[in-house]
>>> print(open('structure.cif').read())   # mmCIF, C-alpha atoms
data_entry
loop_
_atom_site.group_PDB
_atom_site.id
_atom_site.type_symbol
_atom_site.label_atom_id
_atom_site.label_comp_id
_atom_site.auth_asym_id
_atom_site.auth_seq_id
_atom_site.Cartn_x
_atom_site.Cartn_y
_atom_site.Cartn_z
ATOM 1 C CA MET A 1 -24.434 47.063 43.915
ATOM 2 C CA THR A 2 -21.035 45.490 43.419
ATOM 3 C CA ASN A 3 -17.876 46.421 45.307
ATOM 4 C CA GLU A 4 -16.355 47.803 42.078
ATOM 5 C CA THR A 5 -19.321 50.131 41.478
ATOM 6 C CA THR A 6 -19.305 51.236 45.102
ATOM 7 C CA SER A 7 -15.606 52.060 44.948
ATOM 8 C CA LEU A 8 -16.192 54.262 41.898
ATOM 9 C CA LEU A 9 -18.902 56.238 43.733
ATOM 10 C CA LEU A 10 -16.807 56.806 46.859
ATOM 11 C CA SER A 11 -14.216 59.503 47.256
ATOM 12 C CA PRO A 12 -10.610 58.422 47.952
ATOM 13 C CA LYS A 13 -11.061 59.393 51.607
ATOM 14 C CA GLN A 14 -14.309 57.404 51.930
ATOM 15 C CA LEU A 15 -12.759 54.415 50.155
ATOM 16 C CA LYS A 16 -9.798 54.455 52.530
ATOM 17 C CA GLU A 17 -12.147 54.633 55.530
ATOM 18 C CA THR A 18 -14.115 51.662 54.148
ATOM 19 C CA GLU A 19 -10.946 49.561 53.729
ATOM 20 C CA THR A 20 -9.840 50.509 57.231
ATOM 21 C CA ASN A 21 -13.211 49.477 58.666
ATOM 22 C CA GLN A 22 -13.081 46.137 56.829
ATOM 23 C CA THR A 23 -9.594 45.447 58.152
ATOM 24 C CA SER A 24 -10.752 46.352 61.668
ATOM 25 C CA GLU A 25 -13.748 44.047 61.269
ATOM 26 C CA GLY A 26 -11.469 41.205 60.152
ATOM 27 C CA LEU A 27 -9.380 41.778 63.243
ATOM 28 C CA ASP A 28 -12.571 41.629 65.336
ATOM 29 C CA ALA A 29 -13.326 38.170 63.938
ATOM 30 C CA ARG A 30 -9.824 36.917 64.753
ATOM 31 C CA GLN A 31 -10.025 38.494 68.206
ATOM 32 C CA ALA A 32 -13.283 36.650 68.853
ATOM 33 C CA PHE A 33 -11.513 33.390 67.994
ATOM 34 C CA LYS A 34 -8.555 34.193 70.236
ATOM 35 C CA ASP A 35 -10.911 35.015 73.110
ATOM 36 C CA LEU A 36 -13.107 31.985 72.290
ATOM 37 C CA ASP A 37 -16.041 34.382 72.347
ATOM 38 C CA ALA A 38 -18.797 32.587 70.416
ATOM 39 C CA THR A 39 -21.243 35.462 70.880
ATOM 40 C CA ALA A 40 -18.878 38.012 69.333
ATOM 41 C CA SER A 41 -18.156 35.656 66.441
ATOM 42 C CA ALA A 42 -21.871 35.092 65.824
ATOM 43 C CA ASN A 43 -22.574 38.829 65.926
ATOM 44 C CA PHE A 44 -19.809 39.439 63.415
ATOM 45 C CA HIS A 45 -21.077 36.836 60.951
ATOM 46 C CA ASP A 46 -24.706 37.901 61.331
ATOM 47 C CA ASN A 47 -23.736 41.376 60.152
ATOM 48 C CA ARG A 48 -23.588 40.793 56.390
ATOM 49 C CA GLU A 49 -21.801 44.090 55.827
ATOM 50 C CA ASN A 50 -18.736 42.707 57.544
ATOM 51 C CA VAL A 51 -15.917 41.292 55.465
ATOM 52 C CA GLU A 52 -13.933 38.549 57.164
ATOM 53 C CA ASN A 53 -10.354 39.171 56.081
ATOM 54 C CA HIS A 54 -8.432 35.960 56.611
ATOM 55 C CA GLN A 55 -4.671 36.272 56.866
ATOM 56 C CA THR A 56 -3.019 35.475 53.536
ATOM 57 C CA GLU A 57 0.502 36.664 54.367
ATOM 58 C CA GLY A 58 1.323 33.236 55.769
ATOM 59 C CA GLY A 59 2.010 31.923 52.269
ATOM 60 C CA MET A 60 5.517 33.399 52.358
ATOM 61 C CA LEU A 61 6.030 32.714 56.046
ATOM 62 C CA LYS A 62 7.897 29.472 55.385
ATOM 63 C CA PRO A 63 10.627 30.903 53.093
ATOM 64 C CA VAL A 64 10.999 34.030 55.242
ATOM 65 C CA ILE A 65 11.274 32.237 58.595
ATOM 66 C CA PHE A 66 13.074 29.162 57.304
ATOM 67 C CA GLY A 67 15.463 31.198 55.160
ATOM 68 C CA GLY A 68 16.086 33.765 57.882
ATOM 69 C CA LEU A 69 16.687 31.208 60.620
ATOM 70 C CA ASP A 70 18.876 29.069 58.399
ATOM 71 C CA GLY A 71 20.856 32.122 57.297
ATOM 72 C CA ILE A 72 21.467 33.648 60.701
ATOM 73 C CA LEU A 73 22.227 30.306 62.351
ATOM 74 C CA THR A 74 24.590 29.296 59.559
ATOM 75 C CA SER A 75 26.375 32.631 59.788
ATOM 76 C CA PHE A 76 26.552 32.613 63.571
ATOM 77 C CA ALA A 77 27.735 29.002 63.550
ATOM 78 C CA ILE A 78 30.693 30.145 61.455
ATOM 79 C CA VAL A 79 31.322 33.044 63.828
ATOM 80 C CA ALA A 80 30.983 30.840 66.911
ATOM 81 C CA GLY A 81 33.177 28.108 65.438
ATOM 82 C CA ALA A 82 35.823 30.649 64.447
ATOM 83 C CA ALA A 83 35.700 32.231 67.904
ATOM 84 C CA GLY A 84 36.037 28.836 69.519
ATOM 85 C CA GLY A 85 38.986 28.074 67.241
ATOM 86 C CA ASP A 86 40.651 31.493 67.809
ATOM 87 C CA LEU A 87 40.600 32.387 64.116
ATOM 88 C CA PRO A 88 41.427 36.004 63.128
ATOM 89 C CA THR A 89 38.727 38.502 62.095
ATOM 90 C CA GLY A 90 39.727 38.464 58.426
ATOM 91 C CA VAL A 91 39.199 34.723 58.209
ATOM 92 C CA VAL A 92 35.783 35.048 59.870
ATOM 93 C CA LEU A 93 34.684 37.641 57.292
ATOM 94 C CA ILE A 94 35.979 35.666 54.301
ATOM 95 C CA LEU A 95 34.435 32.401 55.425
ATOM 96 C CA GLY A 96 31.245 34.071 56.608
ATOM 97 C CA PHE A 97 30.273 36.234 53.628
ATOM 98 C CA SER A 98 31.386 33.770 50.954
ATOM 99 C CA ASN A 99 29.498 30.950 52.630
ATOM 100 C CA ILE A 100 26.368 33.010 53.309
ATOM 101 C CA PHE A 101 25.831 34.243 49.776
ATOM 102 C CA ALA A 102 26.714 30.892 48.217
ATOM 103 C CA ASP A 103 24.278 29.151 50.549
ATOM 104 C CA ALA A 104 21.634 31.840 49.951
ATOM 105 C CA LEU A 105 21.829 31.263 46.203
ATOM 106 C CA SER A 106 21.673 27.511 46.715
ATOM 107 C CA MET A 107 18.684 27.805 49.061
ATOM 108 C CA GLY A 108 16.840 30.151 46.704
ATOM 109 C CA VAL A 109 17.336 27.906 43.682
ATOM 110 C CA GLY A 110 16.441 24.849 45.741
ATOM 111 C CA GLU A 111 13.234 26.459 47.017
ATOM 112 C CA PHE A 112 12.211 27.425 43.473
ATOM 113 C CA LEU A 113 12.938 23.999 41.992
ATOM 114 C CA SER A 114 11.297 22.078 44.833
ATOM 115 C CA SER A 115 8.169 24.250 44.793
ATOM 116 C CA LYS A 116 7.967 24.007 40.996
ATOM 117 C CA ALA A 117 8.433 20.221 41.078
ATOM 118 C CA GLU A 118 5.734 19.834 43.735
ATOM 119 C CA SER A 119 3.245 21.935 41.739
ATOM 120 C CA GLU A 120 3.963 19.998 38.548
ATOM 121 C CA TRP A 121 3.528 16.689 40.370
ATOM 122 C CA ILE A 122 0.188 17.793 41.851
ATOM 123 C CA LEU A 123 -1.054 18.981 38.449
ATOM 124 C CA ASN A 124 -0.005 15.655 36.935
ATOM 125 C CA GLU A 125 -1.967 13.833 39.651
ATOM 126 C CA ARG A 126 -4.949 16.042 38.851
ATOM 127 C CA LYS A 127 -4.747 15.030 35.184
ATOM 128 C CA ARG A 128 -4.810 11.392 36.264
ATOM 129 C CA GLU A 129 -7.847 11.974 38.488
ATOM 130 C CA GLN A 130 -9.541 13.840 35.650
ATOM 131 C CA TRP A 131 -8.893 10.984 33.233
ATOM 132 C CA GLU A 132 -10.202 8.408 35.695
ATOM 133 C CA PHE A 133 -13.328 10.502 36.344
ATOM 134 C CA GLN A 134 -14.001 10.880 32.623
ATOM 135 C CA ASN A 135 -13.522 7.172 31.898
ATOM 136 C CA TYR A 136 -14.996 5.570 35.017
ATOM 137 C CA PRO A 137 -17.048 8.150 36.966
ATOM 138 C CA GLU A 138 -18.936 5.500 38.922
ATOM 139 C CA GLY A 139 -15.743 4.290 40.565
ATOM 140 C CA GLU A 140 -14.648 7.793 41.543
ATOM 141 C CA LEU A 141 -18.069 8.604 42.961
ATOM 142 C CA GLN A 142 -18.045 5.428 45.021
ATOM 143 C CA GLU A 143 -14.583 6.236 46.387
ATOM 144 C CA MET A 144 -15.755 9.655 47.564
ATOM 145 C CA ILE A 145 -18.937 8.225 49.083
ATOM 146 C CA GLU A 146 -16.951 5.643 51.038
ATOM 147 C CA LEU A 147 -14.469 8.301 52.129
ATOM 148 C CA TRP A 148 -17.135 10.574 53.585
ATOM 149 C CA VAL A 149 -18.993 7.694 55.179
ATOM 150 C CA LYS A 150 -15.757 6.849 57.014
ATOM 151 C CA LYS A 151 -15.644 10.468 58.209
ATOM 152 C CA GLY A 152 -19.046 10.123 59.829
ATOM 153 C CA MET A 153 -21.532 11.063 57.109
ATOM 154 C CA SER A 154 -24.500 8.789 56.552
ATOM 155 C CA GLN A 155 -24.631 6.705 53.375
ATOM 156 C CA LYS A 156 -27.671 8.590 52.110
ATOM 157 C CA ASP A 157 -26.212 12.037 52.761
ATOM 158 C CA ALA A 158 -22.856 11.067 51.256
ATOM 159 C CA GLU A 159 -24.526 9.817 48.077
ATOM 160 C CA SER A 160 -26.619 13.003 47.840
ATOM 161 C CA VAL A 161 -23.640 15.333 48.356
ATOM 162 C CA VAL A 162 -21.292 13.486 45.995
ATOM 163 C CA THR A 163 -23.926 13.172 43.271
ATOM 164 C CA THR A 164 -24.645 16.893 43.458
ATOM 165 C CA MET A 165 -20.988 17.943 43.360
ATOM 166 C CA ALA A 166 -20.213 15.528 40.515
ATOM 167 C CA LYS A 167 -22.400 17.654 38.226
ATOM 168 C CA TYR A 168 -19.567 20.202 38.206
ATOM 169 C CA ASP A 169 -16.565 18.350 36.819
ATOM 170 C CA GLU A 170 -13.711 20.761 37.553
ATOM 171 C CA PHE A 171 -14.989 21.538 41.028
ATOM 172 C CA PHE A 172 -15.471 17.859 41.860
ATOM 173 C CA ILE A 173 -11.984 16.935 40.638
ATOM 174 C CA ASP A 174 -10.450 19.591 42.899
ATOM 175 C CA ILE A 175 -12.496 18.190 45.800
ATOM 176 C CA MET A 176 -11.199 14.695 45.023
ATOM 177 C CA MET A 177 -7.636 16.009 45.029
ATOM 178 C CA THR A 178 -8.112 17.516 48.478
ATOM 179 C CA GLU A 179 -10.220 14.839 50.139
ATOM 180 C CA GLU A 180 -8.844 11.696 48.515
ATOM 181 C CA LEU A 181 -5.182 12.573 47.989
ATOM 182 C CA GLY A 182 -4.723 15.388 50.494
ATOM 183 C CA LEU A 183 -3.274 17.679 47.809
ATOM 184 C CA GLN A 184 -4.029 21.352 47.250
ATOM 185 C CA VAL A 185 -4.218 22.171 43.538
ATOM 186 C CA PRO A 186 -1.846 25.070 42.754
ATOM 187 C CA GLU A 187 -2.977 28.236 41.042
ATOM 188 C CA GLU A 188 -2.444 28.839 37.335
ATOM 189 C CA ASP A 189 0.464 31.186 38.090
ATOM 190 C CA HIS A 190 2.290 28.565 40.173
ATOM 191 C CA LEU A 191 5.563 29.205 38.314
ATOM 192 C CA GLN A 192 5.495 32.845 39.388
ATOM 193 C CA GLU A 193 4.722 31.806 42.957
ATOM 194 C CA SER A 194 7.578 29.293 42.938
ATOM 195 C CA PHE A 195 9.954 31.939 41.605
ATOM 196 C CA LYS A 196 8.733 34.396 44.233
ATOM 197 C CA GLU A 197 9.347 31.838 46.985
ATOM 198 C CA GLY A 198 12.879 31.287 45.687
ATOM 199 C CA VAL A 199 13.618 35.013 45.649
ATOM 200 C CA VAL A 200 12.176 35.447 49.145
ATOM 201 C CA MET A 201 14.260 32.522 50.396
ATOM 202 C CA PHE A 202 17.456 33.985 48.885
ATOM 203 C CA CYS A 203 16.833 37.497 50.235
ATOM 204 C CA SER A 204 15.846 36.240 53.681
ATOM 205 C CA PHE A 205 18.855 33.923 53.966
ATOM 206 C CA ALA A 206 21.330 36.545 52.741
ATOM 207 C CA THR A 207 19.899 39.422 54.793
ATOM 208 C CA PHE A 208 19.630 37.649 58.126
ATOM 209 C CA GLY A 209 22.807 35.684 57.505
ATOM 210 C CA ALA A 210 24.805 38.878 57.099
ATOM 211 C CA LEU A 211 23.727 40.338 60.459
ATOM 212 C CA PRO A 212 26.138 38.427 62.760
ATOM 213 C CA LEU A 213 29.008 39.377 60.420
ATOM 214 C CA LEU A 214 28.276 43.110 60.280
ATOM 215 C CA GLY A 215 29.870 43.654 63.668
ATOM 216 C CA TYR A 216 33.116 42.120 62.429
ATOM 217 C CA ALA A 217 33.006 44.346 59.338
ATOM 218 C CA VAL A 218 31.898 47.673 60.872
ATOM 219 C CA ILE A 219 33.001 47.804 64.508
ATOM 220 C CA PRO A 220 36.774 47.376 63.895
ATOM 221 C CA SER A 221 36.806 50.419 61.597
ATOM 222 C CA LEU A 222 35.032 52.533 64.234
ATOM 223 C CA PHE A 223 36.705 51.108 67.332
ATOM 224 C CA PRO A 224 39.984 49.479 66.272
ATOM 225 C CA GLU A 225 41.069 49.025 69.885
ATOM 226 C CA LEU A 226 38.330 46.452 70.612
ATOM 227 C CA GLY A 227 39.415 42.831 70.754
ATOM 228 C CA GLU A 228 37.912 39.794 69.105
ATOM 229 C CA GLU A 229 36.146 38.835 72.325
ATOM 230 C CA ILE A 230 34.095 42.039 72.150
ATOM 231 C CA LEU A 231 33.299 41.442 68.471
ATOM 232 C CA PHE A 232 32.060 37.944 69.259
ATOM 233 C CA ALA A 233 29.968 39.286 72.152
ATOM 234 C CA CYS A 234 28.388 41.846 69.798
ATOM 235 C CA ALA A 235 27.607 39.091 67.307
ATOM 236 C CA CYS A 236 25.960 37.082 70.109
ATOM 237 C CA VAL A 237 23.808 40.031 71.159
ATOM 238 C CA VAL A 238 22.736 40.866 67.597
ATOM 239 C CA THR A 239 21.937 37.226 66.842
ATOM 240 C CA GLY A 240 19.952 36.814 70.042
ATOM 241 C CA ILE A 241 17.880 39.934 69.389
ATOM 242 C CA VAL A 242 17.148 38.955 65.782
ATOM 243 C CA LEU A 243 16.199 35.399 66.764
ATOM 244 C CA PHE A 244 13.780 36.702 69.391
ATOM 245 C CA ILE A 245 12.242 39.186 66.937
ATOM 246 C CA MET A 246 11.811 36.516 64.249
ATOM 247 C CA GLY A 247 10.106 34.232 66.736
ATOM 248 C CA SER A 248 7.837 37.070 67.843
ATOM 249 C CA VAL A 249 6.856 37.853 64.254
ATOM 250 C CA LYS A 250 6.018 34.180 63.729
ATOM 251 C CA SER A 251 3.411 34.489 66.495
ATOM 252 C CA LEU A 252 1.321 36.739 64.216
ATOM 253 C CA PHE A 253 0.392 33.618 62.260
ATOM 254 C CA SER A 254 -0.313 31.366 65.238
ATOM 255 C CA THR A 255 -2.260 31.390 68.492
ATOM 256 C CA THR A 256 0.891 31.327 70.654
ATOM 257 C CA VAL A 257 1.769 34.517 72.535
ATOM 258 C CA TRP A 258 4.586 36.527 70.982
ATOM 259 C CA TYR A 259 7.095 36.260 73.819
ATOM 260 C CA ALA A 260 6.723 32.464 73.963
ATOM 261 C CA CYS A 261 7.450 32.178 70.228
ATOM 262 C CA GLY A 262 10.379 34.574 70.576
ATOM 263 C CA LEU A 263 11.837 32.690 73.521
ATOM 264 C CA GLU A 264 11.413 29.346 71.755
ATOM 265 C CA THR A 265 13.296 30.562 68.680
ATOM 266 C CA LEU A 266 15.991 32.172 70.823
ATOM 267 C CA LEU A 267 16.597 29.003 72.850
ATOM 268 C CA LEU A 268 16.741 26.745 69.798
ATOM 269 C CA GLY A 269 19.093 29.120 68.019
ATOM 270 C CA GLY A 270 21.235 29.435 71.126
ATOM 271 C CA ALA A 271 21.507 25.661 71.336
ATOM 272 C CA CYS A 272 22.754 25.491 67.738
ATOM 273 C CA ALA A 273 25.300 28.244 68.401
ATOM 274 C CA THR A 274 26.524 26.491 71.551
ATOM 275 C CA VAL A 275 27.144 23.287 69.585
ATOM 276 C CA ALA A 276 29.106 25.204 66.923
ATOM 277 C CA TYR A 277 31.219 27.048 69.516
ATOM 278 C CA THR A 278 31.967 23.816 71.403
ATOM 279 C CA LEU A 279 32.968 22.007 68.215
ATOM 280 C CA GLY A 280 35.225 24.902 67.277
ATOM 281 C CA GLN A 281 36.999 24.649 70.607
ATOM 282 C CA LEU A 282 37.360 20.863 70.353
ATOM 283 C CA ILE A 283 38.697 20.936 66.818
ATOM 284 C CA ASP A 284 41.114 23.743 67.687
ATOM 285 C CA GLY A 285 42.358 21.671 70.633
ATOM 286 C CA PHE A 286 42.916 18.615 68.418
ATOM 287 C CA VAL A 287 44.784 20.688 65.835
ATOM 288 C CA GLN A 288 47.063 22.268 68.433
ATOM 289 C CA ASP A 289 47.777 18.899 70.060
ATOM 290 C CA ALA A 290 48.650 17.457 66.673
#
>>> encode(input="structure.cif", output="structure tokens")
Amino acid sequence: MTNETTSLLLSPKQLKETETNQTSEGLDARQAFKDLDATASANFHDNRENVENHQTEGGMLKPVIFGGLDGILTSFAIVAGAAGGDLPTGVVLILGFSNIFADALSMGVGEFLSSKAESEWILNERKREQWEFQNYPEGELQEMIELWVKKGMSQKDAESVVTTMAKYDEFFIDIMMTEELGLQVPEEDHLQESFKEGVVMFCSFATFGALPLLGYAVIPSLFPELGEEILFACACVVTGIVLFIMGSVKSLFSTTVWYACGLETLLLGGACATVAYTLGQLIDGFVQDA
């Protein structure tokens, strides 16, 4: 019985319980890997009813983390440089928000165009491999045999495996792309994925980039008596917390513990902010001396 037929026979409550159990089972498989428990992993795979749910959310991890870190560090660099140069709050807000949203748009468009260009290049390489396979299959087969022999497979086994896979043209061409060129063939909807990555990059950059500036925009209206030193301290606290959280979230897609990832991101971000603040002070000193 297929999964579709089973889902039609189950009530909504039973279907939800089934999905929950499958998710829990997928977590059990990942937990076995984290614990290096070979027995638990074997028991999981021997139970054919289990569904091993691999994490797929990592596809957008790069634009979210890269865009968020770039946005918040760019924004805080402006804040730190302005604080080091004793610039007024109004100047910080003008420079900050205009720069953040301009950079966010640039990053989003750049992510879309670069991802699209990479997919088109890979597909063009696949066409070349397909043409070569159609016109000189013996040469392509020999290349794959030699490749797998270098990886430790015997000559006889390599010839057997390659000859078998070569019966299925499209499948074998994708294998050649991965093994020979080290390229992952994009999906048919790669344009949509590229556009999605661009949008995610823009939103991540703009959202996280605006956080260090919110204190300068909101706090003065609520507490007008606070000085610029307090506003800068608030921006430092907010930036530090967000950097630690982003690093902790990144640990969900790695084997590193969450607090180590959070601390790593916080320290690297703090180093960037320190450089910006120091440069702001130095430049302000040169300007005043001049």
>>> closest_residue(input="structure.cif", among="A:Pro63, A:Gly71, A:Gly262, A:Pro137", to="A:Phe172", atoms="only C-alpha atoms")
A:Pro137
>>> atom_distance(input="structure.cif", atom1="atom CA of A:Glu193", atom2="atom CA of A:Ile173")
22.5 Å
>>> atom_distance(input="structure.cif", atom1="atom CA of A:Ala235", atom2="atom CA of A:Ala80")
8.9 Å
>>> closest_residue(input="structure.cif", among="A:Cys203, A:Leu226, A:Val109, A:Ile122", to="A:Val64", atoms="only C-alpha atoms")
A:Cys203
>>> closest_residue(input="structure.cif", among="A:Val218, A:Val237, A:Ala276, A:Leu191", to="A:Ser114", atoms="all atoms listed in the file")
A:Leu191
>>> closest_residue(input="structure.cif", among="A:Leu105, A:Thr274, A:Leu95, A:Asp86", to="A:Phe205", atoms="all atoms listed in the file")
A:Leu105
>>> closest_residue(input="structure.cif", among="A:Gln184, A:Thr239, A:Ser154, A:Ser119", to="A:Ala77", atoms="all atoms listed in the file")
A:Thr239
